[in-house]
file run.cif (mmCIF, C-alpha atoms and all ligand atoms)
data_upload
#
loop_
_atom_site.label_atom_id
_atom_site.label_comp_id
_atom_site.auth_asym_id
_atom_site.auth_seq_id
_atom_site.Cartn_x
_atom_site.Cartn_y
_atom_site.Cartn_z
CA MET A 1 0.00 0.00 0.00
CA THR A 2 1.02 3.59 -0.53
CA PRO A 3 -0.69 6.36 1.44
CA GLY A 4 -3.11 8.27 -0.79
CA ILE A 5 -3.16 5.68 -3.61
CA LYS A 6 -6.33 3.71 -4.30
CA PRO A 7 -5.33 0.09 -4.98
CA LEU A 8 -6.06 -1.57 -8.32
CA VAL A 9 -6.93 -5.24 -8.55
CA ALA A 10 -6.47 -6.22 -12.20
CA GLY A 11 -7.03 -9.55 -13.91
CA ASN A 12 -5.23 -10.72 -17.04
CA TRP A 13 -7.13 -13.50 -18.74
CA LYS A 14 -4.30 -14.04 -21.28
CA MET A 15 -5.41 -16.36 -24.13
CA ASN A 16 -8.32 -17.75 -22.12
CA GLY A 17 -12.04 -17.16 -22.23
CA LEU A 18 -14.83 -17.35 -24.78
CA ASN A 19 -17.92 -15.23 -24.92
CA SER A 20 -19.60 -18.09 -23.06
CA SER A 21 -17.30 -17.30 -20.06
CA ILE A 22 -19.06 -13.97 -19.60
CA GLY A 23 -20.90 -15.41 -16.58
CA GLU A 24 -17.69 -15.10 -14.52
CA LEU A 25 -17.52 -11.41 -15.40
CA GLU A 26 -21.17 -11.01 -14.50
CA THR A 27 -20.52 -12.39 -11.01
CA MET A 28 -17.49 -10.10 -10.60
CA ARG A 29 -19.49 -7.09 -11.71
CA ASP A 30 -22.44 -7.92 -9.47
CA GLN A 31 -20.21 -8.50 -6.43
CA PHE A 32 -18.27 -5.28 -6.99
CA ARG A 33 -20.53 -3.45 -4.58
CA PRO A 34 -20.16 0.16 -3.41
CA GLU A 35 -18.42 -0.94 -0.14
CA LEU A 36 -15.71 -2.59 -2.26
CA SER A 37 -15.55 -0.04 -5.09
CA ALA A 38 -14.99 2.67 -2.49
CA LYS A 39 -11.80 0.83 -1.46
CA ILE A 40 -10.35 -0.53 -4.70
CA ASP A 41 -10.53 -0.19 -8.47
CA MET A 42 -11.29 -3.42 -10.34
CA LEU A 43 -10.20 -4.19 -13.89
CA VAL A 44 -10.21 -7.33 -16.03
CA CYS A 45 -8.05 -7.44 -19.18
CA LEU A 46 -9.72 -9.76 -21.64
CA PRO A 47 -8.92 -11.31 -25.00
CA PHE A 48 -9.87 -8.89 -27.82
CA THR A 49 -12.64 -11.27 -28.88
CA MET A 50 -14.53 -10.72 -25.61
CA LEU A 51 -14.17 -6.94 -25.37
CA GLY A 52 -17.26 -5.96 -27.35
CA LYS A 53 -19.68 -8.09 -25.36
CA ALA A 54 -17.92 -7.34 -22.06
CA GLY A 55 -18.00 -3.60 -22.75
CA ASP A 56 -21.80 -3.66 -22.93
CA PHE A 57 -21.79 -5.75 -19.80
CA VAL A 58 -19.87 -3.37 -17.56
CA ALA A 59 -21.19 -0.16 -19.13
CA ARG A 60 -23.13 0.95 -16.05
CA SER A 61 -20.78 -0.57 -13.49
CA PRO A 62 -17.63 0.80 -11.81
CA MET A 63 -15.87 -2.38 -12.97
CA ARG A 64 -13.47 -1.68 -15.85
CA ILE A 65 -12.31 -3.86 -18.70
CA GLY A 66 -9.07 -3.66 -20.64
CA ALA A 67 -7.00 -5.30 -23.37
CA GLN A 68 -3.67 -7.13 -23.19
CA ASP A 69 -1.81 -5.47 -26.05
CA CYS A 70 -2.30 -2.96 -28.87
CA HIS A 71 -0.51 -1.54 -31.90
CA ARG A 72 1.52 1.63 -31.59
CA GLU A 73 -0.38 3.25 -34.48
CA LEU A 74 -4.03 4.25 -34.33
CA LYS A 75 -4.95 2.90 -37.76
CA GLY A 76 -3.49 1.76 -41.03
CA ALA A 77 -2.04 -1.16 -42.95
CA HIS A 78 -1.21 -3.52 -40.08
CA THR A 79 -3.00 -6.76 -40.85
CA GLY A 80 -4.21 -8.60 -37.78
CA ASP A 81 -3.35 -5.85 -35.32
CA ILE A 82 -5.73 -3.98 -32.99
CA SER A 83 -5.51 -0.27 -32.18
CA VAL A 84 -6.23 1.56 -28.94
CA GLU A 85 -9.08 3.35 -30.66
CA MET A 86 -10.69 -0.02 -31.46
CA ILE A 87 -10.17 -1.14 -27.88
CA ALA A 88 -11.76 2.06 -26.54
CA ASP A 89 -14.61 1.60 -29.01
CA CYS A 90 -15.53 -1.60 -27.14
CA GLY A 91 -15.77 0.24 -23.83
CA ALA A 92 -12.33 -0.76 -22.52
CA THR A 93 -10.28 1.82 -20.64
CA ALA A 94 -6.92 0.12 -20.05
CA VAL A 95 -4.25 -1.81 -21.96
CA ILE A 96 -1.48 -4.05 -20.62
CA VAL A 97 1.75 -3.42 -22.53
CA GLY A 98 5.06 -5.27 -22.40
CA HIS A 99 3.84 -8.35 -20.58
CA SER A 100 6.76 -10.80 -20.35
CA GLU A 101 4.82 -13.30 -22.46
CA ARG A 102 4.67 -10.75 -25.28
CA ARG A 103 8.29 -9.78 -24.80
CA THR A 104 9.19 -13.49 -25.11
CA ASP A 105 6.64 -14.72 -27.68
CA HIS A 106 6.85 -11.67 -29.95
CA GLY A 107 10.31 -10.32 -29.15
CA GLU A 108 8.95 -6.97 -27.97
CA SER A 109 11.70 -4.58 -26.93
CA ASP A 110 11.57 -1.85 -24.28
CA GLU A 111 11.37 0.69 -27.08
CA GLN A 112 8.38 -1.01 -28.70
CA VAL A 113 6.67 -1.27 -25.32
CA ARG A 114 7.25 2.44 -24.71
CA GLU A 115 5.78 3.35 -28.10
CA LYS A 116 2.67 1.29 -27.37
CA ALA A 117 2.34 2.82 -23.90
CA GLN A 118 2.65 6.29 -25.41
CA THR A 119 -0.25 5.62 -27.76
CA VAL A 120 -2.38 4.21 -24.94
CA LEU A 121 -1.69 7.25 -22.75
CA HIS A 122 -2.22 9.70 -25.59
CA TRP A 123 -5.61 8.14 -26.12
CA GLY A 124 -6.45 8.82 -22.48
CA GLN A 125 -6.32 5.22 -21.31
CA MET A 126 -4.51 3.45 -18.50
CA ALA A 127 -1.26 1.78 -19.63
CA ILE A 128 -0.18 -1.09 -17.40
CA ILE A 129 3.52 -1.45 -18.19
CA CYS A 130 4.99 -4.81 -17.15
CA ILE A 131 8.54 -5.43 -16.04
CA GLY A 132 10.28 -8.30 -14.26
CA GLU A 133 13.39 -10.44 -14.15
CA THR A 134 13.96 -14.03 -15.29
CA ASP A 135 14.98 -16.75 -12.86
CA GLU A 136 18.50 -16.63 -14.26
CA GLN A 137 18.75 -12.86 -13.72
CA ARG A 138 17.46 -13.25 -10.18
CA LYS A 139 20.05 -15.94 -9.42
CA LEU A 140 22.78 -13.67 -10.78
CA GLY A 141 21.60 -10.98 -8.34
CA SER A 142 20.75 -8.56 -11.15
CA THR A 143 17.02 -8.06 -10.44
CA LEU A 144 17.24 -4.35 -9.64
CA ASP A 145 19.49 -3.66 -12.64
CA VAL A 146 16.97 -5.37 -14.90
CA LEU A 147 14.09 -3.37 -13.40
CA LYS A 148 16.02 -0.13 -13.80
CA LYS A 149 16.73 -0.78 -17.47
CA GLN A 150 13.17 -1.89 -18.24
CA MET A 151 11.69 1.10 -16.43
CA SER A 152 13.86 3.64 -18.15
CA GLY A 153 13.27 2.00 -21.57
CA SER A 154 9.57 1.14 -21.35
CA ILE A 155 7.95 3.99 -19.42
CA PRO A 156 7.13 7.09 -21.48
CA ASP A 157 8.18 10.55 -20.28
CA SER A 158 4.61 11.71 -19.76
CA ALA A 159 1.26 10.16 -18.85
CA GLU A 160 -0.37 12.70 -21.22
CA ASN A 161 -4.16 12.23 -20.83
CA GLY A 162 -3.93 8.74 -19.37
CA GLU A 163 -2.57 6.91 -16.35
CA ILE A 164 0.73 5.08 -16.03
CA VAL A 165 0.62 1.92 -13.91
CA VAL A 166 3.73 -0.23 -13.46
CA ALA A 167 3.39 -3.96 -12.80
CA TYR A 168 6.31 -5.89 -11.33
CA GLU A 169 6.00 -9.49 -12.44
CA PRO A 170 9.02 -11.70 -11.76
CA ILE A 171 8.92 -14.09 -14.73
CA TRP A 172 9.79 -17.09 -12.58
CA ALA A 173 6.74 -16.40 -10.38
CA ILE A 174 4.22 -16.30 -13.24
CA GLY A 175 1.97 -19.35 -13.29
CA THR A 176 4.37 -21.37 -11.12
CA GLY A 177 2.82 -21.03 -7.68
CA LEU A 178 6.13 -19.48 -6.54
CA THR A 179 6.30 -15.96 -5.14
CA PRO A 180 9.21 -13.85 -3.93
CA THR A 181 9.49 -13.34 -0.18
CA ALA A 182 7.70 -10.30 1.25
CA LYS A 183 11.14 -8.80 1.85
CA ASP A 184 12.11 -9.21 -1.82
CA VAL A 185 8.83 -7.71 -3.04
CA GLU A 186 9.28 -4.82 -0.64
CA GLU A 187 12.80 -4.18 -1.85
CA ALA A 188 11.80 -4.30 -5.54
CA HIS A 189 8.83 -1.96 -5.03
CA ARG A 190 10.84 0.47 -2.89
CA PHE A 191 13.43 0.58 -5.67
CA MET A 192 10.76 1.12 -8.34
CA ARG A 193 9.18 3.93 -6.31
CA ALA A 194 12.55 5.64 -5.93
CA GLU A 195 13.18 5.35 -9.68
CA LEU A 196 9.79 6.91 -10.44
CA VAL A 197 10.37 9.78 -8.01
CA GLU A 198 13.79 10.42 -9.47
CA ARG A 199 12.29 10.61 -12.93
CA PHE A 200 8.89 12.26 -12.33
CA GLY A 201 9.43 14.12 -9.06
CA GLU A 202 6.46 14.16 -6.65
CA ASP A 203 4.22 12.65 -9.38
CA GLY A 204 6.26 9.47 -9.00
CA ASN A 205 4.62 8.99 -5.62
CA THR A 206 1.17 8.81 -7.22
CA ILE A 207 1.89 6.05 -9.77
CA ARG A 208 0.34 2.71 -8.88
CA LEU A 209 2.80 -0.18 -8.55
CA LEU A 210 1.22 -3.61 -8.95
CA TYR A 211 2.70 -6.96 -8.03
CA GLY A 212 1.96 -9.93 -10.30
CA GLY A 213 2.98 -13.60 -10.23
CA SER A 214 1.00 -16.40 -8.53
CA VAL A 215 -1.25 -14.06 -6.55
CA LYS A 216 -4.03 -16.17 -4.99
CA PRO A 217 -6.72 -15.59 -2.37
CA GLY A 218 -4.44 -17.31 0.16
CA ASN A 219 -1.43 -15.00 -0.26
CA ALA A 220 -3.14 -11.77 -1.34
CA LYS A 221 -3.41 -10.23 2.11
CA GLU A 222 0.30 -10.56 2.80
CA LEU A 223 1.39 -9.37 -0.66
CA MET A 224 -1.07 -6.47 -0.83
CA GLY A 225 -0.03 -5.31 2.62
CA ILE A 226 3.57 -4.66 1.57
CA ASN A 227 4.73 -1.04 1.32
CA ASN A 228 4.46 0.39 -2.21
CA VAL A 229 2.35 -2.55 -3.45
CA ASP A 230 -0.73 -0.75 -4.74
CA GLY A 231 -2.59 -3.73 -6.09
CA ALA A 232 -2.14 -6.89 -8.12
CA LEU A 233 -2.01 -8.13 -11.69
CA ILE A 234 -3.50 -11.60 -11.61
CA GLY A 235 -3.41 -14.33 -14.25
CA GLY A 236 -4.81 -17.77 -13.39
CA ALA A 237 -6.74 -16.70 -10.31
CA SER A 238 -8.61 -14.01 -12.26
CA LEU A 239 -10.40 -16.53 -14.46
CA LYS A 240 -12.81 -17.60 -11.75
CA ALA A 241 -14.96 -14.97 -10.06
CA GLU A 242 -14.66 -16.74 -6.71
CA ASP A 243 -10.85 -16.56 -6.70
CA PHE A 244 -10.69 -13.04 -8.10
CA LEU A 245 -13.19 -11.77 -5.54
CA GLY A 246 -11.27 -13.67 -2.86
CA ILE A 247 -8.21 -11.58 -3.76
CA CYS A 248 -10.27 -8.36 -3.73
CA ALA A 249 -11.41 -9.34 -0.24
CA ALA A 250 -7.82 -8.86 0.97
CA TYR A 251 -8.74 -5.15 1.13
P1 LIG A 301 -0.37 -15.81 -12.66
O1 LIG A 301 -1.21 -15.05 -11.67
O2 LIG A 301 -1.13 -16.91 -13.34
O3 LIG A 301 0.92 -16.25 -12.06
O4 LIG A 301 -0.01 -14.79 -13.86
C1 LIG A 301 0.51 -13.55 -13.54
C2 LIG A 301 0.51 -12.72 -14.77
O5 LIG A 301 1.26 -12.97 -15.69
C3 LIG A 301 -0.45 -11.62 -14.85
O6 LIG A 301 -0.18 -10.76 -15.90
#

call {"tool": "encode", "arguments": {"input": "run.cif", "output": "C-alpha cells"}}
result
Amino acid sequence: MTPGIKPLVAGNWKMNGLNSSIGELETMRDQFRPELSAKIDMLVCLPFTMLGKAGDFVARSPMRIGAQDCHRELKGAHTGDISVEMIADCGATAVIVGHSERRTDHGESDEQVREKAQTVLHWGQMAIICIGETDEQRKLGSTLDVLKKQMSGSIPDSAENGEIVVAYEPIWAIGTGLTPTAKDVEEAHRFMRAELVERFGEDGNTIRLLYGGSVKPGNAKELMGINNVDGALIGGASLKAEDFLGICAAY
C-alpha cells in the first residue's frame, strides 16, 4: 500500500475465455458493490474477442475492462493488429503493454513497449507497463538492474491524458505457484518507487505499482499489505470470479 493511492486489482485472462465465459464477469461485476468499489478499483483485461460483449456488460458498473496489447499506431495497414481506438470503441479503458509473455513470444523490446504505452496514454487510457526479471537474472543478483533498465526503456516521459501503472512481475513467479518473499517484493517496489520519483518528481509517488505472479486468495493479504504494493495483476486466479473476488477481499 502507498498512502493516498487507491489500490487496483487487475485480472489478465491471457489467451483464455470465450464469450460463453461472460458469466464469470457477471458475477465479478455484481459483487463489486459500493463498499468494495470505495476501497479498490477493479479491472479485467480480456482477450480482444470478448471486449465488445464485455463492454456492454460493464457499461453501467464501476468495474473496468481492458485489453492485453495494442498496436503503436491508431490505424493503417497492419494486418491482424488492434488499435487503442478499437479497444476504446468496445468500452475498454486500459491496456497491458510489455507483458513478459509478449516480450518473449513476440520479441517486444523496451522501445516497442514504450511506443505502445505512449499511444495508450495519448488516447487517455490506462497503460499497465509490465517489467520483471527471469529466474536466471534473479540468481545472478541482477534483479534491480533489470528493473532499472526496463523502467527507463519502457515507461514514457509523460502520462499525457492517461494513467501510467507499473506492474512488477518476476517471470519465474508467473503461473508457477512461486512468489518472492515479502522482503524481496518490498525491496523491488521500494526501488521502483525511488526510480519513479527520481524521474517524475512528486508525481512518481502517485503512480500505482502492482505486483503480479501467482497471486491467490491465500497470499493476497500478505502481498497487498507490503509497502508500495498498490494492487495486483492476476493471471490464473482471475479466471474464476470466486478466486478473483477472494483476492479483492484482501482489502
Ligand atoms: P499468474 O497469476 O497466473 O501467475 O499470472 C501472472 C501474470 O502474468 C499476470 O499478468

call {"tool": "closest_residue", "arguments": {"input": "run.cif", "among": "A:Asp184, A:Glu133, A:Glu73, A:Glu101", "to": "ligand LIG 301 (chain A)", "atoms": "all atoms listed in the file"}}
result
A:Glu101

call {"tool": "closest_residue", "arguments": {"input": "run.cif", "among": "A:Thr206, A:Gln31, A:Ser158, A:Ser100", "to": "ligand LIG 301 (chain A)", "atoms": "all atoms listed in the file"}}
result
A:Ser100

call {"tool": "residues_near_ligand", "arguments": {"input": "run.cif", "ligand": "ligand LIG 301 (chain A)", "cutoff": "7 Å", "atoms": "only C-alpha atoms and all ligand atoms", "output": "PyMOL selection string"}}
result
chain A and resi 11-12+99+169+173-177+212-215+233-237

call {"tool": "atom_distance", "arguments": {"input": "run.cif", "atom1": "atom CA of A:Lys75", "atom2": "atom CA of A:Glu111"}}
result
19.6 Å

call {"tool": "closest_residue", "arguments": {"input": "run.cif", "among": "A:Ala59, A:Val197, A:Ile87, A:Met224", "to": "A:Val185", "atoms": "only C-alpha atoms"}}
result
A:Met224

call {"tool": "closest_residue", "arguments": {"input": "run.cif", "among": "A:Asp81, A:Glu160, A:Asp110, A:Asp145", "to": "A:Ala127", "atoms": "all atoms listed in the file"}}
result
A:Glu160

call {"tool": "residues_around", "arguments": {"input": "run.cif", "residues": "A:Gly124", "least_positions_apart": "2", "cutoff": "10 Å", "atoms": "only C-alpha atoms", "output": "list in words"}}
result
Val84, Ala88, Thr93, Ala94, Gln118, Thr119, Val120, Leu121, His122, Met126, Ala127, Ala159, Glu160, Asn161, Gly162 and Glu163 of chain A

call {"tool": "residues_near_point", "arguments": {"input": "run.cif", "point": "(13.7, -5.9, -19.5)", "cutoff": "12 Å", "atoms": "all atoms listed in the file", "output": "MDAnalysis selection string"}}
result
chainID A and resid 98:104 107:114 129:134 137 142:155 168:171

call {"tool": "atom_distance", "arguments": {"input": "run.cif", "atom1": "atom CA of A:Ala38", "atom2": "atom CA of A:Ile164"}}
result
20.9 Å

call {"tool": "residues_around", "arguments": {"input": "run.cif", "residues": "A:Met15", "least_positions_apart": "2", "cutoff": "10 Å", "atoms": "all atoms listed in the file", "output": "ChimeraX atom specification"}}
result
/A:12-13,17-18,46-48,68

call {"tool": "atom_distance", "arguments": {"input": "run.cif", "atom1": "atom CA of A:Thr181", "atom2": "atom CA of A:Ala10"}}
result
21.2 Å

call {"tool": "closest_residue", "arguments": {"input": "run.cif", "among": "A:Met50, A:Leu210, A:Val166, A:Met28", "to": "A:Leu196", "atoms": "all atoms listed in the file"}}
result
A:Val166

call {"tool": "residues_around", "arguments": {"input": "run.cif", "residues": "A:Ala241", "least_positions_apart": "2", "cutoff": "9 Å", "atoms": "only C-alpha atoms", "output": "number ranges by chain"}}
result
A: 23-28, 237-239, 243-246
